[in-house]
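Next up, work15.cif (mmCIF, C-alpha atoms and all ligand atoms):
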data_model
loop_
_atom_site.group_PDB
_atom_site.id
_atom_site.type_symbol
_atom_site.label_atom_id
_atom_site.label_comp_id
_atom_site.auth_asym_id
_atom_site.auth_seq_id
_atom_site.Cartn_x
_atom_site.Cartn_y
_atom_site.Cartn_z
ATOM 1 C CA MET A 1 0.000 0.000 0.000
ATOM 2 C CA ILE A 2 3.000 2.257 -0.365
ATOM 3 C CA GLU A 3 1.626 3.725 -3.559
ATOM 4 C CA ASP A 4 -1.539 4.746 -1.772
ATOM 5 C CA ASP A 5 0.534 6.516 0.838
ATOM 6 C CA ILE A 6 2.420 8.444 -1.820
ATOM 7 C CA GLU A 7 -0.834 9.406 -3.463
ATOM 8 C CA ALA A 8 -2.164 10.687 -0.174
ATOM 9 C CA LEU A 9 1.006 12.662 0.383
ATOM 10 C CA GLU A 10 0.755 14.199 -3.046
ATOM 11 C CA LYS A 11 -2.807 15.268 -2.369
ATOM 12 C CA GLU A 12 -1.751 16.800 0.914
ATOM 13 C CA MET A 13 0.996 18.744 -0.794
ATOM 14 C CA LEU A 14 -1.368 19.963 -3.474
ATOM 15 C CA GLU A 15 -3.813 21.137 -0.847
ATOM 16 C CA GLU A 16 -0.943 22.909 0.828
ATOM 17 C CA LEU A 17 -0.051 24.701 -2.390
ATOM 18 C CA LYS A 18 -3.647 25.720 -3.003
ATOM 19 C CA ARG A 19 -3.816 27.670 0.209
ATOM 20 C CA PRO A 20 -3.821 31.370 -0.569
ATOM 21 C CA GLN A 21 -1.725 32.186 2.462
ATOM 22 C CA GLY A 22 0.141 29.852 4.722
ATOM 23 C CA ARG A 23 1.421 30.754 8.108
ATOM 24 C CA GLN A 24 4.978 30.558 6.899
ATOM 25 C CA ILE A 25 6.659 31.575 3.696
ATOM 26 C CA LEU A 26 9.294 29.387 2.126
ATOM 27 C CA VAL A 27 12.391 31.318 1.187
ATOM 28 C CA CYS A 28 15.125 30.167 -1.167
ATOM 29 C CA PRO A 29 18.468 29.937 0.659
ATOM 30 C CA VAL A 30 20.349 30.757 -2.535
ATOM 31 C CA CYS A 31 18.660 33.835 -3.967
ATOM 32 C CA GLY A 32 16.225 34.775 -1.216
ATOM 33 C CA SER A 33 13.200 34.461 -3.462
ATOM 34 C CA THR A 34 9.892 33.420 -1.961
ATOM 35 C CA GLU A 35 8.921 31.635 -5.159
ATOM 36 C CA VAL A 36 9.659 28.279 -3.608
ATOM 37 C CA THR A 37 7.451 25.281 -4.153
ATOM 38 C CA TYR A 38 7.496 21.674 -3.100
ATOM 39 C CA TYR A 39 9.457 19.456 -5.403
ATOM 40 C CA MET A 40 8.785 15.751 -5.374
ATOM 41 C CA GLY A 41 11.925 13.755 -4.709
ATOM 42 C CA LEU A 42 11.386 10.127 -5.568
ATOM 43 C CA LYS A 43 13.356 8.149 -3.012
ATOM 44 C CA THR A 44 14.988 11.006 -1.225
ATOM 45 C CA GLY A 45 11.862 12.461 0.308
ATOM 46 C CA TYR A 46 10.756 16.044 0.199
ATOM 47 C CA LYS A 47 12.657 18.685 -1.625
ATOM 48 C CA TYR A 48 11.960 22.224 -2.573
ATOM 49 C CA GLN A 49 12.367 24.049 -5.826
ATOM 50 C CA CYS A 50 12.984 27.730 -6.322
ATOM 51 C CA LYS A 51 11.284 29.143 -9.383
ATOM 52 C CA SER A 52 13.686 32.047 -9.585
ATOM 53 C CA CYS A 53 17.073 30.327 -9.636
ATOM 54 C CA ASN A 54 15.995 26.707 -10.103
ATOM 55 C CA TYR A 55 17.590 25.664 -6.839
ATOM 56 C CA VAL A 56 16.384 22.235 -5.819
ATOM 57 C CA GLY A 57 17.251 20.827 -2.436
ATOM 58 C CA PRO A 58 16.113 19.819 1.007
ATOM 59 C CA LEU A 59 17.137 23.081 2.617
ATOM 60 C CA VAL A 60 14.791 25.989 2.641
ATOM 61 C CA LEU A 61 14.337 28.965 4.885
ATOM 62 C CA GLU A 62 11.024 29.747 6.493
ATOM 63 C CA LYS A 63 9.852 33.055 7.733
ATOM 64 C CA GLU A 64 6.680 34.103 9.429
ATOM 65 C CA CYS A 65 4.152 36.051 7.430
HETATM 66 ZN ZN ZN B 101 16.435 30.782 -5.576
#

Here is a file; write its structure as structure tokens.
Amino acid sequence: MIEDDIEALEKEMLEELKRPQGRQILVCPVCGSTEVTYYMGLKTGYKYQCKSCNYVGPLVLEKEC
């Protein structure tokens, strides 16, 4: 049932992205952009992707709104 779990996780992430305003903003550690979205790593777990500089990695800064 691992595939079901992944599907559920994906749905959760999508719901997260749909929220107009979260409590925290993700900030790119490389360029400081807030255009950071979740990026699905296959076996490595969660990663983030910066739309501005294309940084992809597990590290991301968070700041309060
Ligand atoms: Zn960036």

Determine the residue membership of the PyMOL selection byres (((chain A and resi 30) around 9) and not hetatm) for the file above and supply it as a ChimeraX atom specification.
-> /A:27-29,31-33,50,53,55,60

Give me a file of those residues, with C-alpha atoms, as a compact mmCIF listing (two decimals), in the coordinates of the input.
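Final file, again14.txt:
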# COMPACT_ATOMS: atom_id res chain seq x y z
CA VAL A 27 12.39 31.32 1.19
CA CYS A 28 15.12 30.17 -1.17
CA PRO A 29 18.47 29.94 0.66
CA CYS A 31 18.66 33.84 -3.97
CA GLY A 32 16.23 34.78 -1.22
CA SER A 33 13.20 34.46 -3.46
CA CYS A 50 12.98 27.73 -6.32
CA CYS A 53 17.07 30.33 -9.64
CA TYR A 55 17.59 25.66 -6.84
CA VAL A 60 14.79 25.99 2.64

So which residues get picked by the PyMOL selection byres (((chain A and resi 63) around 6) and not hetatm) here, written as a PDB file with C-alpha atoms, in the frame of the given file?
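File produced: selection_25.pdb:
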ATOM      1  CA  GLN A  24       4.978  30.558   6.899  1.00  0.00           C
ATOM      2  CA  ILE A  25       6.659  31.575   3.696  1.00  0.00           C
ATOM      3  CA  GLU A  62      11.024  29.747   6.493  1.00  0.00           C
ATOM      4  CA  GLU A  64       6.680  34.103   9.429  1.00  0.00           C
TER       5      GLU A  64
END

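Counting from atom CA of A:Lys47, the distance to atom CA of A:Leu61 is 12.3 Å.
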
Close residues, A:Gln49 itself excluded, 7 Å, only C-alpha atoms, min 2 positions apart in chain, as a VMD selection string = chain A and resid 36 to 39 47 51 54 to 57

Could you jot down the atom CA of A:Glu7 to atom CA of A:Leu26 separation for me, Å, one decimal place?
-> 23.1 Å

Distance criterion (all atoms listed in the file): nearest to ligand ZN 101 (chain B) out of A:Tyr46, A:Thr34, A:Leu9, A:Leu59 | A:Thr34

Which of these, A:Lys43, A:Pro58, A:Glu35, A:Asp4, has the shortest distance to ligand ZN 101 (chain B) once you count only C-alpha atoms and all ligand atoms?
->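 Looking only at the distances to ligand ZN 101 (chain B), the closest residue turns out to be A:Glu35.
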
Between A:Tyr48, A:Glu16, A:Glu3, A:Lys11, which one has atoms that come closest to ligand ZN 101 (chain B), using only C-alpha atoms and all ligand atoms?
->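 Looking at the shortest contact to ligand ZN 101 (chain B), the residue is A:Tyr48.
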